Amino acid sequence: MSMKETFWSRNFIFLMISNALLFMAFEMLMPTLPLFVESLGGSPSQIGLVTGVFMCSAILIRPFSGTLIQLLDKKYVLIIGVVICMLATGSYMLSTSLVLLLVFRLVHGFGFGIASTLYATSASDDLPPHRMGEGMGYFGVGETVAISVGPLLGIWMLHAAGFSGLFSTGAIILLLSLVMSILVRRRSANPTTADTAKDKKKVPFKLFEKRVLLQSGLVLLIGVVAGGVMSFVALFAKEQGFNNAAWFFFTVAMASFLVRLVSGRIFDTKGPAYILIPAGIVLIVAIVLVASSRTELQFLVAAVLYGLSFGAIFPALQAWAISVVGEDEREDAVGSFYNFFDLGIGGGSLILGMIAGLTSYKTMYLFSTLLIAAYLIIFVVYSVLDKKKSRNTLNV
């Protein structure tokens with residue numbers, strides 16, 4: 001595959017669509033599952049617990065992904081992850097108590113953690129190294145569409161068919177994802193992977209991959225900012241008297257979709273700095289504009305800028321993380337990357353929520369720009385040091 005000019009292989013297309021369907025089913029539950037918890041008599045804190053259990057189980061399972069594919073073929077582990085998600089989603093309708101729902105969420109998180117990691121690494125396996133950024137950008141387009149359409153589909157299904165119809169639809173979507181995953185062809189054994197398998201088994205568990213610590217740390221900071229946007233922008237819009245919170249998220253998704261069509265190619269030809277620095281600056285402008293929005297037009301302009309910046313940063317960091325490790329270590333790298341991002345979103349919702357409670361949403365968003373500034377400073381310092389190191393190496 002590395003010798004081909006195109007990455008639009010049968011496997012890549014199936015993986016992209018299947019991954020999009022996985023996220024579609026997940027996003028359908030984001031605005032609707034809290035209503036289901038409420039129908040079971042759950043309190044706001046218990047709604048947060050249902051979300052937290054899912055996130056924790058996904059984070060806990062990802063470090064084992066690299067080990068699992070040493071025991072089973074990567075395709076089979078991916079299929080197992082999707083099957084777990086499908087069964088857990090369909091089982092939500094059987095929840096008669098909060099405890100039972102938490103059990104299903106725990107299991108669902110395990111499946112989602114496995115599947116989301118292996119989709120990304122399986123797609124990267126079919127990409128030429130010199131087009132990794134562009135390929136991962138296109139791969140993420142499906143996720144972007146799912147993020148914009150999933151919540152709307154979930155709300156529509158809830159109103160049309162109730163919770164049973166909602167969960168059944170989610171399970172059917174995951175069944176389609178499963179079929180796509182089954183149609184993915186297994187890759188022939190890689191000699192490098194085979195040679196290192198013995199060594200890998202000596203270290204069956206990696207909490208995180210040290211070589212992607214920089215990329216993971218940067219996405220952690222971006223995740224905190226994203227957590228503040230995802231969790232509180234609707235409440236901020238309501239406080240400001242805006243009626244277009246749903247359009248904010250749709251606009252973000254569309255802007256993110258468009259920028260991915262070009263940002264990946266820039267990453268491949270120019271390097272990460274040409275994406276990460278300009279996008280970071282635009283992200284600061286976007287968050288400041290969110291905090292200072294006085295009209296709905298300003299609010300939507302902020303959504304465009306946020307979508308453009310986040311849509312460029314995330315796949316660039318992901319492609320960068322994948323490119324600095326060997327092919328047989330991509331599961332560890334992507335697992336670490338996603339775990340840091342999830343920790344950022346979860347921690348951001350908690351920390352920024354506390355700041356908003358003590359001050360205001362405007363102050364909270366202005367505070368989050370400091371995290372973006374830290375992201376820029378860390379990357380710029382790294383870039384300067386890396387250039388000096390490269391010059392010294394050449395001189396020697």
# chains A, B, ... in the order shown; residues from 1 in each chain; ligands from 1
call {"tool": "closest_atom_pairs", "arguments": {"of": "segment 201-304 of chain A", "to": "segment 379-390 of chain A", "cutoff": "12 Å", "atoms": "only C-alpha atoms", "output": "Markdown table"}}
result
| residue | atom | partner | partner_atom | distance |
| --- | --- | --- | --- | --- |
| A:Leu214 | CA | A:Phe379 | CA | 8.4 |
| A:Gln215 | CA | A:Phe379 | CA | 9.2 |
| A:Ser216 | CA | A:Phe379 | CA | 11.9 |
| A:Gly217 | CA | A:Phe379 | CA | 10.2 |
| A:Leu218 | CA | A:Phe379 | CA | 7.9 |
| A:Val219 | CA | A:Phe379 | CA | 11.3 |
| A:Leu221 | CA | A:Phe379 | CA | 11.7 |
| A:Gly271 | CA | A:Ser383 | CA | 10.9 |
| A:Pro272 | CA | A:Ser383 | CA | 9.7 |
| A:Ala273 | CA | A:Ser383 | CA | 7.8 |
| A:Tyr274 | CA | A:Ser383 | CA | 11.3 |
| A:Ile275 | CA | A:Phe379 | CA | 11.4 |
| A:Leu276 | CA | A:Phe379 | CA | 8.2 |
| A:Ile277 | CA | A:Val380 | CA | 7.9 |
| A:Pro278 | CA | A:Val380 | CA | 11.6 |
| A:Gly280 | CA | A:Phe379 | CA | 10.1 |
call {"tool": "closest_atom_pairs", "arguments": {"of": "segment 204-284 of chain A", "to": "segment 140-145 of chain A", "cutoff": "12 Å", "atoms": "only C-alpha atoms", "output": "Markdown table"}}
result
| residue | atom | partner | partner_atom | distance |
| --- | --- | --- | --- | --- |
| A:Phe249 | CA | A:Thr144 | CA | 10.5 |
| A:Phe250 | CA | A:Val145 | CA | 9.1 |
| A:Thr251 | CA | A:Thr144 | CA | 11.0 |
| A:Val252 | CA | A:Thr144 | CA | 9.1 |
| A:Ala253 | CA | A:Thr144 | CA | 5.6 |
| A:Met254 | CA | A:Val145 | CA | 7.7 |
| A:Ala255 | CA | A:Thr144 | CA | 9.5 |
| A:Ser256 | CA | A:Thr144 | CA | 6.9 |
| A:Phe257 | CA | A:Val141 | CA | 5.6 |
| A:Leu258 | CA | A:Val141 | CA | 8.7 |
| A:Val259 | CA | A:Val141 | CA | 9.7 |
| A:Arg260 | CA | A:Val141 | CA | 7.0 |
| A:Leu261 | CA | A:Val141 | CA | 8.4 |
| A:Val262 | CA | A:Val141 | CA | 11.7 |
| A:Ser263 | CA | A:Gly140 | CA | 11.8 |
| A:Gly264 | CA | A:Gly140 | CA | 10.5 |
call {"tool": "residues_around", "arguments": {"residues": "segment 146-155 of chain A", "least_positions_apart": "2", "cutoff": "7 Å", "atoms": "only C-alpha atoms", "output": "list of chain:residue names"}}
result
A:Ala20, A:Phe23, A:Met24, A:Ala25, A:Glu27, A:Met28, A:Leu29, A:Met30, A:Pro31, A:Thr32, A:Gly142, A:Glu143, A:Thr144, A:Met157, A:Leu158, A:His159, A:Leu166, A:Phe249, A:Phe250, A:Ala253
call {"tool": "closest_atom_pairs", "arguments": {"of": "segment 168-283 of chain A", "to": "segment 77-81 of chain A", "cutoff": "10 Å", "atoms": "only C-alpha atoms", "output": "tab-separated table"}}
result
residue	atom	partner	partner_atom	distance
A:Ser177	CA	A:Ile79	CA	9.3
A:Leu178	CA	A:Ile79	CA	6.5
A:Val179	CA	A:Ile79	CA	9.1
A:Met180	CA	A:Ile79	CA	9.7
A:Ser181	CA	A:Ile79	CA	6.4
A:Ile182	CA	A:Ile79	CA	7.0
call {"tool": "residues_around", "arguments": {"residues": "segment 339-356 of chain A", "least_positions_apart": "5", "cutoff": "10 Å", "atoms": "only C-alpha atoms", "output": "ChimeraX atom specification"}}
result
/A:51-52,55-56,58-63,113,117,207-208,213,215-232,314,333-334,361-365,367-368
call {"tool": "write_last_selection", "arguments": {"atoms": "N, CA and C atoms", "output": "short mmCIF file (atom, residue, chain, number, x, y, z; two decimals), in the first residue's frame"}}
result
data_model
loop_
_atom_site.label_atom_id
_atom_site.label_comp_id
_atom_site.auth_asym_id
_atom_site.auth_seq_id
_atom_site.Cartn_x
_atom_site.Cartn_y
_atom_site.Cartn_z
N THR A 51 -22.46 8.75 32.66
CA THR A 51 -21.49 9.20 31.66
C THR A 51 -20.07 8.83 32.10
N GLY A 52 -19.77 9.04 33.37
CA GLY A 52 -18.43 8.78 33.89
C GLY A 52 -18.04 7.32 33.83
N MET A 55 -16.96 6.44 30.31
CA MET A 55 -15.65 7.00 29.98
C MET A 55 -14.53 6.24 30.70
N CYS A 56 -14.75 5.92 31.95
CA CYS A 56 -13.72 5.21 32.73
C CYS A 56 -13.43 3.83 32.16
N ALA A 58 -13.90 2.82 29.08
CA ALA A 58 -13.22 2.96 27.79
C ALA A 58 -11.74 3.27 27.99
N ILE A 59 -11.44 4.13 28.96
CA ILE A 59 -10.05 4.48 29.25
C ILE A 59 -9.28 3.28 29.78
N LEU A 60 -9.91 2.50 30.65
CA LEU A 60 -9.23 1.36 31.27
C LEU A 60 -8.89 0.27 30.27
N ILE A 61 -9.74 0.08 29.26
CA ILE A 61 -9.51 -1.04 28.33
C ILE A 61 -8.50 -0.71 27.26
N ARG A 62 -8.34 0.56 26.91
CA ARG A 62 -7.47 0.92 25.78
C ARG A 62 -6.02 0.49 25.95
N PRO A 63 -5.42 0.61 27.14
CA PRO A 63 -4.02 0.15 27.27
C PRO A 63 -3.83 -1.33 26.97
N GLY A 113 -14.12 1.42 23.77
CA GLY A 113 -12.69 1.67 23.91
C GLY A 113 -11.87 0.81 22.96
N THR A 117 -10.26 2.46 19.20
CA THR A 117 -8.80 2.38 19.04
C THR A 117 -8.42 1.60 17.79
N LEU A 207 0.45 1.49 30.24
CA LEU A 207 -0.49 2.53 30.66
C LEU A 207 -0.54 3.63 29.62
N PHE A 208 0.61 4.01 29.09
CA PHE A 208 0.66 4.95 27.97
C PHE A 208 1.96 4.75 27.21
N LEU A 213 3.93 11.01 24.22
CA LEU A 213 3.55 11.80 25.38
C LEU A 213 3.33 13.27 25.01
N GLN A 215 2.32 14.52 22.00
CA GLN A 215 1.06 14.64 21.27
C GLN A 215 -0.13 14.41 22.20
N SER A 216 0.01 13.45 23.12
CA SER A 216 -1.07 13.16 24.08
C SER A 216 -1.28 14.33 25.03
N GLY A 217 -0.18 14.95 25.48
CA GLY A 217 -0.30 16.11 26.37
C GLY A 217 -0.97 17.28 25.68
N LEU A 218 -0.65 17.49 24.40
CA LEU A 218 -1.27 18.58 23.65
C LEU A 218 -2.76 18.33 23.45
N VAL A 219 -3.13 17.08 23.13
CA VAL A 219 -4.55 16.80 22.93
C VAL A 219 -5.31 16.81 24.26
N LEU A 220 -4.61 16.57 25.37
CA LEU A 220 -5.23 16.70 26.69
C LEU A 220 -5.69 18.14 26.91
N LEU A 221 -4.82 19.11 26.60
CA LEU A 221 -5.17 20.52 26.77
C LEU A 221 -6.32 20.91 25.85
N ILE A 222 -6.28 20.44 24.61
CA ILE A 222 -7.37 20.72 23.68
C ILE A 222 -8.65 20.05 24.13
N GLY A 223 -8.52 18.85 24.73
CA GLY A 223 -9.69 18.14 25.23
C GLY A 223 -10.38 18.88 26.36
N VAL A 224 -9.60 19.52 27.25
CA VAL A 224 -10.20 20.31 28.33
C VAL A 224 -11.05 21.43 27.75
N VAL A 225 -10.51 22.12 26.73
CA VAL A 225 -11.25 23.20 26.08
C VAL A 225 -12.51 22.65 25.41
N ALA A 226 -12.36 21.52 24.71
CA ALA A 226 -13.51 20.90 24.04
C ALA A 226 -14.56 20.47 25.05
N GLY A 227 -14.12 19.98 26.22
CA GLY A 227 -15.07 19.59 27.26
C GLY A 227 -15.91 20.77 27.73
N GLY A 228 -15.28 21.94 27.83
CA GLY A 228 -16.02 23.14 28.21
C GLY A 228 -17.03 23.54 27.17
N VAL A 229 -16.68 23.38 25.90
CA VAL A 229 -17.62 23.73 24.82
C VAL A 229 -18.77 22.73 24.77
N MET A 230 -18.45 21.45 24.77
CA MET A 230 -19.48 20.42 24.65
C MET A 230 -20.46 20.43 25.81
N SER A 231 -19.95 20.67 27.02
CA SER A 231 -20.79 20.54 28.21
C SER A 231 -21.60 21.79 28.53
N PHE A 232 -21.07 22.97 28.18
CA PHE A 232 -21.68 24.19 28.70
C PHE A 232 -22.12 25.21 27.66
N PHE A 314 -7.15 18.16 15.81
CA PHE A 314 -7.29 16.78 16.29
C PHE A 314 -6.70 15.75 15.32
N ALA A 333 -0.07 3.60 20.93
CA ALA A 333 -0.01 5.04 20.69
C ALA A 333 -1.40 5.66 20.61
N VAL A 334 -2.29 5.04 19.83
CA VAL A 334 -3.64 5.58 19.67
C VAL A 334 -4.43 5.44 20.97
N TYR A 361 -19.93 31.78 32.96
CA TYR A 361 -19.53 31.04 31.77
C TYR A 361 -18.52 31.85 30.95
N LYS A 362 -18.71 33.15 30.89
CA LYS A 362 -17.78 34.00 30.15
C LYS A 362 -16.38 33.89 30.72
N THR A 363 -16.25 33.99 32.04
CA THR A 363 -14.95 33.86 32.70
C THR A 363 -14.35 32.48 32.46
N MET A 364 -15.20 31.47 32.51
CA MET A 364 -14.75 30.10 32.29
C MET A 364 -14.12 29.95 30.91
N TYR A 365 -14.79 30.48 29.88
CA TYR A 365 -14.26 30.36 28.52
C TYR A 365 -12.98 31.18 28.34
N PHE A 367 -10.85 31.77 30.66
CA PHE A 367 -9.82 30.98 31.34
C PHE A 367 -9.30 29.87 30.45
N SER A 368 -10.19 29.24 29.69
CA SER A 368 -9.77 28.11 28.84
C SER A 368 -8.81 28.55 27.74
#
call {"tool": "atom_distance", "arguments": {"atom1": "atom CA of Ile281 of chain A", "atom2": "atom CA of Phe299 of chain A"}}
result
18.0 Å
call {"tool": "atom_distance", "arguments": {"atom1": "atom CA of Leu283 of chain A", "atom2": "atom CA of Ile266 of chain A"}}
result
18.0 Å
call {"tool": "residues_around", "arguments": {"residues": "Gly170 of chain A", "least_positions_apart": "3", "cutoff": "8 Å", "atoms": "only C-alpha atoms", "output": "count of residues only"}}
result
10
call {"tool": "atom_distance", "arguments": {"atom1": "atom CA of Gly135 of chain A", "atom2": "atom CA of Glu209 of chain A"}}
result
22.4 Å
call {"tool": "closest_residue", "arguments": {"among": "A:Arg105, A:Lys270, A:His130, A:Arg185", "to": "Arg10 of chain A", "atoms": "only C-alpha atoms"}}
result
A:Arg185
call {"tool": "residues_around", "arguments": {"residues": "Met136 of chain A", "least_positions_apart": "3", "cutoff": "12 Å", "atoms": "only C-alpha atoms", "output": "JSON, numbers by chain"}}
result
{"A": [7, 8, 12, 13, 15, 16, 119, 120, 121, 122, 123, 124, 125, 126, 127, 128, 129, 130, 131, 132, 133, 139, 140, 141, 142, 143, 260, 261, 262, 263, 264, 265, 267, 268, 311, 312, 313, 314, 315, 316, 317, 318, 319, 320, 321, 322, 323]}
call {"tool": "closest_residue", "arguments": {"among": "A:Glu296, A:Val212, A:His108, A:Tyr92", "to": "Trp247 of chain A", "atoms": "only C-alpha atoms"}}
result
A:Glu296
